[in-house]
file work07.cif (mmCIF, C-alpha atoms, pLDDT in the B column; chains and numbers go by the auth columns)
data_query
#
loop_
_atom_site.group_PDB
_atom_site.id
_atom_site.type_symbol
_atom_site.label_atom_id
_atom_site.label_comp_id
_atom_site.label_asym_id
_atom_site.label_seq_id
_atom_site.Cartn_x
_atom_site.Cartn_y
_atom_site.Cartn_z
_atom_site.B_iso_or_equiv
_atom_site.auth_seq_id
_atom_site.auth_asym_id
ATOM 1 C CA ILE A 1 92.175 125.157 69.907 97.00 1497 A
ATOM 2 C CA ASP A 2 89.696 127.859 70.880 96.00 1498 A
ATOM 3 C CA ALA A 3 92.464 130.453 71.001 97.00 1499 A
ATOM 4 C CA THR A 4 94.262 129.513 67.789 97.00 1500 A
ATOM 5 C CA SER A 5 91.555 128.285 65.402 97.00 1501 A
ATOM 6 C CA PRO A 6 91.171 131.700 63.693 97.00 1502 A
ATOM 7 C CA HIS A 7 94.743 131.287 62.453 97.00 1503 A
ATOM 8 C CA ALA A 8 94.939 127.527 61.769 97.00 1504 A
ATOM 9 C CA VAL A 9 94.290 125.580 58.587 97.00 1505 A
ATOM 10 C CA ALA A 10 94.775 122.211 60.309 98.00 1506 A
ATOM 11 C CA TYR A 11 95.552 120.559 63.634 98.00 1507 A
ATOM 12 C CA LYS A 12 97.953 117.635 63.977 98.00 1508 A
ATOM 13 C CA PRO A 13 97.353 115.742 67.236 97.00 1509 A
ATOM 14 C CA ASN A 14 100.088 113.215 67.924 96.00 1510 A
ATOM 15 C CA ALA A 15 98.374 109.964 68.878 96.00 1511 A
ATOM 16 C CA ALA A 16 101.347 108.650 70.883 96.00 1512 A
ATOM 17 C CA PHE A 17 100.929 111.159 73.694 96.00 1513 A
ATOM 18 C CA PHE A 18 97.283 110.177 74.080 96.00 1514 A
ATOM 19 C CA GLU A 19 97.956 106.436 73.853 95.00 1515 A
ATOM 20 C CA ALA A 20 100.472 106.852 76.689 97.00 1516 A
ATOM 21 C CA LEU A 21 97.591 107.892 78.950 96.00 1517 A
ATOM 22 C CA GLY A 22 96.104 104.405 78.685 94.00 1518 A
ATOM 23 C CA THR A 23 93.464 102.778 76.528 85.00 1519 A
ATOM 24 C CA ASN A 24 90.373 104.390 78.022 90.00 1520 A
ATOM 25 C CA LEU A 25 91.601 107.828 79.060 95.00 1521 A
ATOM 26 C CA GLY A 26 93.896 108.269 76.080 95.00 1522 A
ATOM 27 C CA CYS A 27 91.394 107.353 73.368 92.00 1523 A
ATOM 28 C CA SER A 28 88.568 109.325 74.931 94.00 1524 A
ATOM 29 C CA THR A 29 90.768 112.388 75.409 96.00 1525 A
ATOM 30 C CA LEU A 30 92.012 112.262 71.827 96.00 1526 A
ATOM 31 C CA ARG A 31 88.437 111.980 70.575 95.00 1527 A
ATOM 32 C CA ARG A 32 87.459 115.026 72.656 96.00 1528 A
ATOM 33 C CA VAL A 33 90.344 116.976 71.151 97.00 1529 A
ATOM 34 C CA VAL A 34 89.269 116.015 67.636 97.00 1530 A
ATOM 35 C CA ASP A 35 85.650 116.891 68.409 96.00 1531 A
ATOM 36 C CA ALA A 36 86.748 120.338 69.612 97.00 1532 A
ATOM 37 C CA ILE A 37 88.311 121.207 66.259 98.00 1533 A
ATOM 38 C CA PRO A 38 85.911 123.256 64.088 97.00 1534 A
ATOM 39 C CA ASP A 39 84.413 121.382 61.141 95.00 1535 A
ATOM 40 C CA ASP A 40 86.017 123.687 58.582 96.00 1536 A
ATOM 41 C CA ILE A 41 89.547 122.966 59.879 98.00 1537 A
ATOM 42 C CA LEU A 42 91.325 119.768 58.859 97.00 1538 A
ATOM 43 C CA VAL A 43 92.350 117.097 61.358 98.00 1539 A
ATOM 44 C CA LEU A 44 95.659 115.458 60.468 98.00 1540 A
ATOM 45 C CA LEU A 45 96.233 112.541 62.813 98.00 1541 A
ATOM 46 C CA ASP A 46 99.934 111.960 63.455 98.00 1542 A
ATOM 47 C CA VAL A 47 100.127 108.163 63.804 97.00 1543 A
ATOM 48 C CA LYS A 48 102.922 107.150 61.411 97.00 1544 A
ATOM 49 C CA ARG A 49 101.270 103.815 60.648 97.00 1545 A
ATOM 50 C CA GLY A 50 102.881 101.285 58.327 94.00 1546 A
ATOM 51 C CA ASP A 51 101.551 97.774 57.766 96.00 1547 A
ATOM 52 C CA ILE A 52 99.846 95.696 55.076 90.00 1548 A
ATOM 53 C CA GLY A 53 96.562 93.997 54.265 87.00 1549 A
ATOM 54 C CA SER A 54 93.874 93.701 56.899 92.00 1550 A
ATOM 55 C CA THR A 55 96.089 95.361 59.508 97.00 1551 A
ATOM 56 C CA ALA A 56 96.455 98.528 57.438 97.00 1552 A
ATOM 57 C CA ALA A 57 92.701 98.510 56.745 97.00 1553 A
ATOM 58 C CA ALA A 58 92.001 98.267 60.480 97.00 1554 A
ATOM 59 C CA TYR A 59 94.378 101.148 61.186 97.00 1555 A
ATOM 60 C CA ALA A 60 92.612 103.236 58.539 97.00 1556 A
ATOM 61 C CA GLU A 61 89.210 102.514 60.055 97.00 1557 A
ATOM 62 C CA ALA A 62 90.477 103.460 63.516 96.00 1558 A
ATOM 63 C CA CYS A 63 91.729 106.783 62.189 97.00 1559 A
ATOM 64 C CA TYR A 64 88.835 107.707 59.916 97.00 1560 A
ATOM 65 C CA ASP A 65 85.598 106.101 61.049 94.00 1561 A
ATOM 66 C CA GLY A 66 83.118 108.631 62.368 86.00 1562 A
ATOM 67 C CA GLU A 67 81.395 106.276 64.792 87.00 1563 A
ATOM 68 C CA ARG A 68 84.096 104.094 66.336 88.00 1564 A
ATOM 69 C CA GLY A 69 87.206 105.861 65.098 90.00 1565 A
ATOM 70 C CA LEU A 70 88.704 109.322 65.270 94.00 1566 A
ATOM 71 C CA LYS A 71 87.118 110.850 62.122 95.00 1567 A
ATOM 72 C CA ALA A 72 90.408 112.339 60.935 97.00 1568 A
ATOM 73 C CA ASP A 73 90.772 113.924 57.500 97.00 1569 A
ATOM 74 C CA GLY A 74 94.289 112.619 56.994 97.00 1570 A
ATOM 75 C CA VAL A 75 97.144 110.747 58.639 98.00 1571 A
ATOM 76 C CA THR A 76 100.908 110.350 58.620 98.00 1572 A
ATOM 77 C CA LEU A 77 102.274 107.046 57.309 98.00 1573 A
ATOM 78 C CA SER A 78 105.539 105.177 56.910 97.00 1574 A
ATOM 79 C CA PRO A 79 105.907 104.232 53.222 97.00 1575 A
ATOM 80 C CA LEU A 80 108.716 101.688 53.573 96.00 1576 A
ATOM 81 C CA MET A 81 106.421 98.662 53.198 96.00 1577 A
ATOM 82 C CA GLY A 82 105.236 99.936 49.829 96.00 1578 A
ATOM 83 C CA TRP A 83 102.018 100.895 48.089 97.00 1579 A
ATOM 84 C CA ASP A 84 99.865 98.168 49.627 95.00 1580 A
ATOM 85 C CA SER A 85 100.592 99.578 53.093 97.00 1581 A
ATOM 86 C CA VAL A 86 99.447 103.031 51.990 97.00 1582 A
ATOM 87 C CA ALA A 87 96.479 102.168 49.749 97.00 1583 A
ATOM 88 C CA PRO A 88 93.886 101.432 52.489 97.00 1584 A
ATOM 89 C CA PHE A 89 94.239 105.019 53.741 97.00 1585 A
ATOM 90 C CA VAL A 90 93.526 106.742 50.392 97.00 1586 A
ATOM 91 C CA THR A 91 91.433 104.328 48.299 96.00 1587 A
ATOM 92 C CA GLY A 92 88.053 102.624 48.468 95.00 1588 A
ATOM 93 C CA LYS A 93 85.736 104.147 51.054 94.00 1589 A
ATOM 94 C CA TYR A 94 88.560 106.480 52.091 95.00 1590 A
ATOM 95 C CA SER A 95 89.236 107.900 48.635 95.00 1591 A
ATOM 96 C CA ASP A 96 88.359 111.372 49.931 94.00 1592 A
ATOM 97 C CA LYS A 97 91.103 111.209 52.586 96.00 1593 A
ATOM 98 C CA GLY A 98 94.756 112.189 52.388 96.00 1594 A
ATOM 99 C CA ALA A 99 98.029 111.072 53.915 98.00 1595 A
ATOM 100 C CA PHE A 100 101.553 112.372 54.370 98.00 1596 A
ATOM 101 C CA VAL A 101 104.286 109.757 53.996 98.00 1597 A
ATOM 102 C CA LEU A 102 107.545 110.028 55.916 98.00 1598 A
ATOM 103 C CA CYS A 103 110.130 111.254 53.434 98.00 1599 A
ATOM 104 C CA LYS A 104 113.061 112.980 55.205 97.00 1600 A
ATOM 105 C CA THR A 105 112.309 113.421 58.868 94.00 1601 A
ATOM 106 C CA SER A 106 113.868 115.954 61.237 88.00 1602 A
ATOM 107 C CA ASN A 107 115.675 113.514 63.564 89.00 1603 A
ATOM 108 C CA PRO A 108 119.445 113.054 62.982 88.00 1604 A
ATOM 109 C CA GLY A 109 119.028 109.278 62.720 93.00 1605 A
ATOM 110 C CA SER A 110 116.930 109.672 59.579 93.00 1606 A
ATOM 111 C CA ASN A 111 120.207 109.819 57.645 93.00 1607 A
ATOM 112 C CA ASP A 112 120.832 106.161 58.517 95.00 1608 A
ATOM 113 C CA LEU A 113 118.238 105.125 55.927 95.00 1609 A
ATOM 114 C CA LEU A 114 116.491 108.025 54.253 96.00 1610 A
ATOM 115 C CA ALA A 115 119.692 109.663 52.991 94.00 1611 A
ATOM 116 C CA LEU A 116 121.100 106.468 51.496 95.00 1612 A
ATOM 117 C CA ASN A 117 122.204 106.826 47.897 95.00 1613 A
ATOM 118 C CA LEU A 118 120.404 104.696 45.350 92.00 1614 A
ATOM 119 C CA GLN A 119 121.096 105.188 41.666 87.00 1615 A
ATOM 120 C CA ASN A 120 121.735 108.924 41.267 90.00 1616 A
ATOM 121 C CA GLN A 121 119.263 109.842 44.016 95.00 1617 A
ATOM 122 C CA THR A 122 118.707 109.390 47.713 97.00 1618 A
ATOM 123 C CA LEU A 123 116.071 107.142 49.209 97.00 1619 A
ATOM 124 C CA PHE A 124 114.035 110.141 50.344 98.00 1620 A
ATOM 125 C CA GLU A 125 114.029 111.579 46.822 97.00 1621 A
ATOM 126 C CA LYS A 126 112.742 108.221 45.563 97.00 1622 A
ATOM 127 C CA ILE A 127 109.991 108.333 48.201 98.00 1623 A
ATOM 128 C CA ALA A 128 109.052 111.820 46.963 97.00 1624 A
ATOM 129 C CA GLU A 129 108.724 110.486 43.424 97.00 1625 A
ATOM 130 C CA LEU A 130 106.727 107.463 44.583 97.00 1626 A
ATOM 131 C CA ALA A 131 104.269 109.671 46.447 97.00 1627 A
ATOM 132 C CA ASN A 132 103.343 111.253 43.120 94.00 1628 A
ATOM 133 C CA GLU A 133 103.058 107.887 41.405 96.00 1629 A
ATOM 134 C CA TRP A 134 100.929 106.464 44.213 97.00 1630 A
ATOM 135 C CA SER A 135 98.626 109.496 44.217 96.00 1631 A
ATOM 136 C CA GLN A 136 97.968 108.915 40.529 95.00 1632 A
ATOM 137 C CA LYS A 137 97.444 105.215 41.178 96.00 1633 A
ATOM 138 C CA ALA A 138 94.966 105.978 43.961 95.00 1634 A
ATOM 139 C CA GLU A 139 92.975 108.267 41.689 93.00 1635 A
ATOM 140 C CA SER A 140 92.979 105.636 38.957 93.00 1636 A
ATOM 141 C CA GLU A 141 91.836 102.840 41.277 92.00 1637 A
ATOM 142 C CA SER A 142 89.345 104.896 43.314 90.00 1638 A
ATOM 143 C CA PRO A 143 88.303 108.158 41.660 89.00 1639 A
ATOM 144 C CA SER A 144 87.242 110.821 44.139 80.00 1640 A
ATOM 145 C CA SER A 145 84.534 113.379 43.484 69.00 1641 A
ATOM 146 C CA SER A 146 85.766 115.699 46.224 71.00 1642 A
ATOM 147 C CA ALA A 147 89.568 115.676 46.230 60.00 1643 A
ATOM 148 C CA SER A 148 91.475 117.773 43.697 72.00 1644 A
ATOM 149 C CA ALA A 149 94.948 117.802 45.271 79.00 1645 A
ATOM 150 C CA PRO A 150 97.193 114.704 45.221 90.00 1646 A
ATOM 151 C CA ARG A 151 96.133 112.308 47.974 94.00 1647 A
ATOM 152 C CA LEU A 152 99.670 111.808 49.221 98.00 1648 A
ATOM 153 C CA GLY A 153 102.030 114.422 50.562 98.00 1649 A
ATOM 154 C CA LEU A 154 105.448 114.264 52.191 98.00 1650 A
ATOM 155 C CA VAL A 155 106.820 114.726 55.693 98.00 1651 A
ATOM 156 C CA VAL A 156 110.127 116.577 55.415 98.00 1652 A
ATOM 157 C CA GLY A 157 111.769 118.178 58.438 95.00 1653 A
ATOM 158 C CA ALA A 158 111.985 121.960 58.479 95.00 1654 A
ATOM 159 C CA THR A 159 115.393 121.573 60.143 93.00 1655 A
ATOM 160 C CA ASP A 160 116.954 120.545 56.812 93.00 1656 A
ATOM 161 C CA PRO A 161 116.300 123.134 54.071 95.00 1657 A
ATOM 162 C CA SER A 162 118.497 121.290 51.578 96.00 1658 A
ATOM 163 C CA ALA A 163 116.368 118.160 51.962 96.00 1659 A
ATOM 164 C CA LEU A 164 113.217 120.259 51.645 97.00 1660 A
ATOM 165 C CA SER A 165 114.509 121.715 48.389 97.00 1661 A
ATOM 166 C CA ALA A 166 115.477 118.304 47.025 97.00 1662 A
ATOM 167 C CA ALA A 167 112.134 116.780 48.031 97.00 1663 A
ATOM 168 C CA ARG A 168 110.232 119.636 46.389 97.00 1664 A
ATOM 169 C CA LYS A 169 112.218 119.164 43.190 97.00 1665 A
ATOM 170 C CA ALA A 170 111.623 115.402 43.175 96.00 1666 A
ATOM 171 C CA ALA A 171 107.924 115.624 44.056 95.00 1667 A
ATOM 172 C CA GLY A 172 107.006 118.516 41.813 95.00 1668 A
ATOM 173 C CA GLN A 173 104.890 121.604 42.327 95.00 1669 A
ATOM 174 C CA GLY A 174 101.571 120.038 43.265 95.00 1670 A
ATOM 175 C CA THR A 175 102.607 117.811 46.161 96.00 1671 A
ATOM 176 C CA TRP A 176 101.955 119.067 49.680 97.00 1672 A
ATOM 177 C CA ILE A 177 104.828 118.984 52.165 98.00 1673 A
ATOM 178 C CA LEU A 178 104.304 118.754 55.920 98.00 1674 A
ATOM 179 C CA ALA A 179 107.385 120.335 57.489 97.00 1675 A
ATOM 180 C CA PRO A 180 107.636 119.893 61.275 95.00 1676 A
ATOM 181 C CA GLY A 181 110.597 121.228 63.222 91.00 1677 A
ATOM 182 C CA VAL A 182 110.090 124.998 63.336 89.00 1678 A
ATOM 183 C CA GLY A 183 110.436 126.342 66.867 78.00 1679 A
ATOM 184 C CA ALA A 184 111.490 123.945 69.624 73.00 1680 A
ATOM 185 C CA GLN A 185 113.439 121.695 67.227 80.00 1681 A
ATOM 186 C CA GLY A 186 115.414 124.621 65.852 80.00 1682 A
ATOM 187 C CA GLY A 187 114.063 124.899 62.313 86.00 1683 A
ATOM 188 C CA ASP A 188 114.134 128.362 60.738 91.00 1684 A
ATOM 189 C CA LEU A 189 110.758 129.411 59.332 93.00 1685 A
ATOM 190 C CA ASP A 190 112.048 131.605 56.513 94.00 1686 A
ATOM 191 C CA ALA A 191 114.670 129.098 55.362 95.00 1687 A
ATOM 192 C CA ALA A 192 112.154 126.255 55.424 96.00 1688 A
ATOM 193 C CA CYS A 193 109.624 128.250 53.421 96.00 1689 A
ATOM 194 C CA ARG A 194 112.179 129.279 50.813 95.00 1690 A
ATOM 195 C CA ALA A 195 113.158 125.655 50.335 97.00 1691 A
ATOM 196 C CA GLY A 196 109.775 123.947 50.543 97.00 1692 A
ATOM 197 C CA LEU A 197 107.122 126.239 49.069 97.00 1693 A
ATOM 198 C CA ASN A 198 106.189 125.703 45.449 96.00 1694 A
ATOM 199 C CA ASP A 199 106.577 128.440 42.834 96.00 1695 A
ATOM 200 C CA GLU A 200 103.182 129.895 43.772 95.00 1696 A
ATOM 201 C CA GLY A 201 104.014 130.096 47.470 96.00 1697 A
ATOM 202 C CA GLY A 202 101.837 127.167 48.487 96.00 1698 A
ATOM 203 C CA CYS A 203 101.601 123.413 49.064 96.00 1699 A
ATOM 204 C CA MET A 204 103.286 123.455 52.469 97.00 1700 A
ATOM 205 C CA LEU A 205 101.997 122.885 56.001 97.00 1701 A
ATOM 206 C CA ILE A 206 104.157 124.041 58.901 96.00 1702 A
ATOM 207 C CA PRO A 207 103.037 122.606 62.246 95.00 1703 A
ATOM 208 C CA VAL A 208 104.246 124.251 65.443 94.00 1704 A
ATOM 209 C CA SER A 209 103.200 122.591 68.699 91.00 1705 A
ATOM 210 C CA ARG A 210 105.202 123.556 71.777 91.00 1706 A
ATOM 211 C CA GLY A 211 106.030 127.006 70.469 91.00 1707 A
ATOM 212 C CA VAL A 212 102.329 127.845 70.402 94.00 1708 A
ATOM 213 C CA SER A 213 100.764 125.675 73.109 93.00 1709 A
ATOM 214 C CA ARG A 214 103.330 126.678 75.751 93.00 1710 A
ATOM 215 C CA ALA A 215 103.362 130.370 74.878 94.00 1711 A
ATOM 216 C CA ALA A 216 102.007 132.865 77.399 96.00 1712 A
ATOM 217 C CA ASP A 217 99.517 133.971 74.729 97.00 1713 A
ATOM 218 C CA PRO A 218 98.869 131.109 72.261 96.00 1714 A
ATOM 219 C CA ALA A 219 96.556 133.241 70.112 97.00 1715 A
ATOM 220 C CA ALA A 220 99.204 135.925 69.658 97.00 1716 A
ATOM 221 C CA GLU A 221 101.881 133.314 68.917 95.00 1717 A
ATOM 222 C CA ALA A 222 99.657 131.622 66.328 96.00 1718 A
ATOM 223 C CA LEU A 223 98.989 134.967 64.662 97.00 1719 A
ATOM 224 C CA LYS A 224 102.722 135.718 64.617 95.00 1720 A
ATOM 225 C CA LEU A 225 103.388 132.342 62.984 95.00 1721 A
ATOM 226 C CA LYS A 226 100.671 132.860 60.379 96.00 1722 A
ATOM 227 C CA GLU A 227 102.006 136.297 59.504 97.00 1723 A
ATOM 228 C CA GLY A 228 105.537 134.910 59.241 95.00 1724 A
ATOM 229 C CA ILE A 229 104.387 132.187 56.863 95.00 1725 A
ATOM 230 C CA ASN A 230 102.449 134.675 54.719 96.00 1726 A
ATOM 231 C CA THR A 231 105.438 137.004 54.556 95.00 1727 A
ATOM 232 C CA ALA A 232 107.584 134.114 53.334 93.00 1728 A
ATOM 233 C CA ARG A 233 104.935 133.126 50.797 94.00 1729 A
ATOM 234 C CA ALA A 234 104.787 136.659 49.426 93.00 1730 A
ATOM 235 C CA ALA A 235 108.526 136.602 48.856 90.00 1731 A
ATOM 236 C CA VAL A 236 108.410 133.546 46.564 86.00 1732 A
#
call {"tool": "encode", "arguments": {"input": "work07.cif", "output": "structure tokens"}}
result
Amino acid sequence: IDATSPHAVAYKPNAAFFEALGTNLGCSTLRRVVDAIPDDILVLLDVKRGDIGSTAAAYAEACYDGERGLKADGVTLSPLMGWDSVAPFVTGKYSDKGAFVLCKTSNPGSNDLLALNLQNQTLFEKIAELANEWSQKAESESPSSSASAPRLGLVVGATDPSALSAARKAAGQGTWILAPGVGAQGGDLDAACRAGLNDEGGCMLIPVSRGVSRAADPAAEALKLKEGINTARAAV
């Protein structure tokens, strides 16, 4: 974090790797990581939660609460249980937060469900449309004085440019796309950017974990990534 923060707009700690360390060590270590991130850089907690009612509300509190929780700015969510599983993360006292819903993930098995054809569109394209609808619903139910961007974005794997392009088309220009998969998973940065950036060269987050953290010089690798992204943006 110290080495790469000059080049980062957000950090995306994956909660699973901390939870695997055990309840006490894992939670305390994750909190220390979050605390080390500068205040002007967003914390996107990768938890992929998906439940309803009081359970979803408890998950949201665990992710966002500044005292007992992890004080994240946003999370990743599974949308397959519908709006009421997403609402606790972006409405009410968390109306200033954001979330990215799983849309078309980078694993091959995602085709088992997310690529299923509905009526003239795939399931992941429907999810992209719903993210827009739910963002508008969140703003209607719980207006926010601080957030200007849609509260819900999409997770679409950078390993599948065609899916990125289709998701961008279905979601529109203003929806943010989180596109993991560049680097160790084989995704091509330029191809992903061409497919996923909006017409102004924005609204896309490209997380790279192992490619930066395991580099001999993480700062130099982060700078290289940032410059690559900006070159792709300039070409839009």
call {"tool": "resolve_selection", "arguments": {"input": "work07.cif", "expression": "the PyMOL selection byres ((chain A and resi 1628-1635) around 10)", "output": "ChimeraX atom specification"}}
result
/A:1578-1580,1582-1588,1591-1592,1594-1595,1623-1627,1636-1640,1643-1650,1666-1668,1670-1671
call {"tool": "atom_distance", "arguments": {"input": "work07.cif", "atom1": "atom CA of Asp1547 of chain A", "atom2": "atom CA of Leu1598 of chain A"}}
result
13.8 Å
call {"tool": "resolve_selection", "arguments": {"input": "work07.cif", "expression": "the PyMOL selection byres ((chain A and resi 1697-1708) around 7)", "output": "count of residues only"}}
result
24
call {"tool": "resolve_selection", "arguments": {"input": "work07.cif", "expression": "the PyMOL selection byres ((chain A and resi 1611) around 12)", "output": "VMD selection string"}}
result
chain A and resid 1599 to 1610 1612 to 1614 1616 to 1623 1656 1658 to 1659 1662 to 1663
call {"tool": "atom_distance", "arguments": {"input": "work07.cif", "atom1": "atom CA of Ile1537 of chain A", "atom2": "atom CA of Cys1523 of chain A"}}
result
20.7 Å
call {"tool": "atom_distance", "arguments": {"input": "work07.cif", "atom1": "atom CA of Gly1682 of chain A", "atom2": "atom CA of Thr1655 of chain A"}}
result
6.5 Å
call {"tool": "axis_aligned_box", "arguments": {"input": "work07.cif", "around": "segment 1649-1655 of chain A", "padding_each_side": "4 Å", "output": "AutoDock Vina command-line options"}}
result
--center_x 108.7 --center_y 118.1 --center_z 55.4 --size_x 21.4 --size_y 15.7 --size_z 17.6
call {"tool": "residues_around", "arguments": {"input": "work07.cif", "residues": "Pro1502 of chain A", "least_positions_apart": "5", "cutoff": "12 Å", "atoms": "only C-alpha atoms", "output": "list of chain:residue names"}}
result
A:Ile1497, A:Tyr1507, A:Ile1533, A:Pro1534, A:Asp1536, A:Ile1537, A:Pro1714, A:Ala1715, A:Ala1716, A:Ala1718, A:Leu1719, A:Lys1722
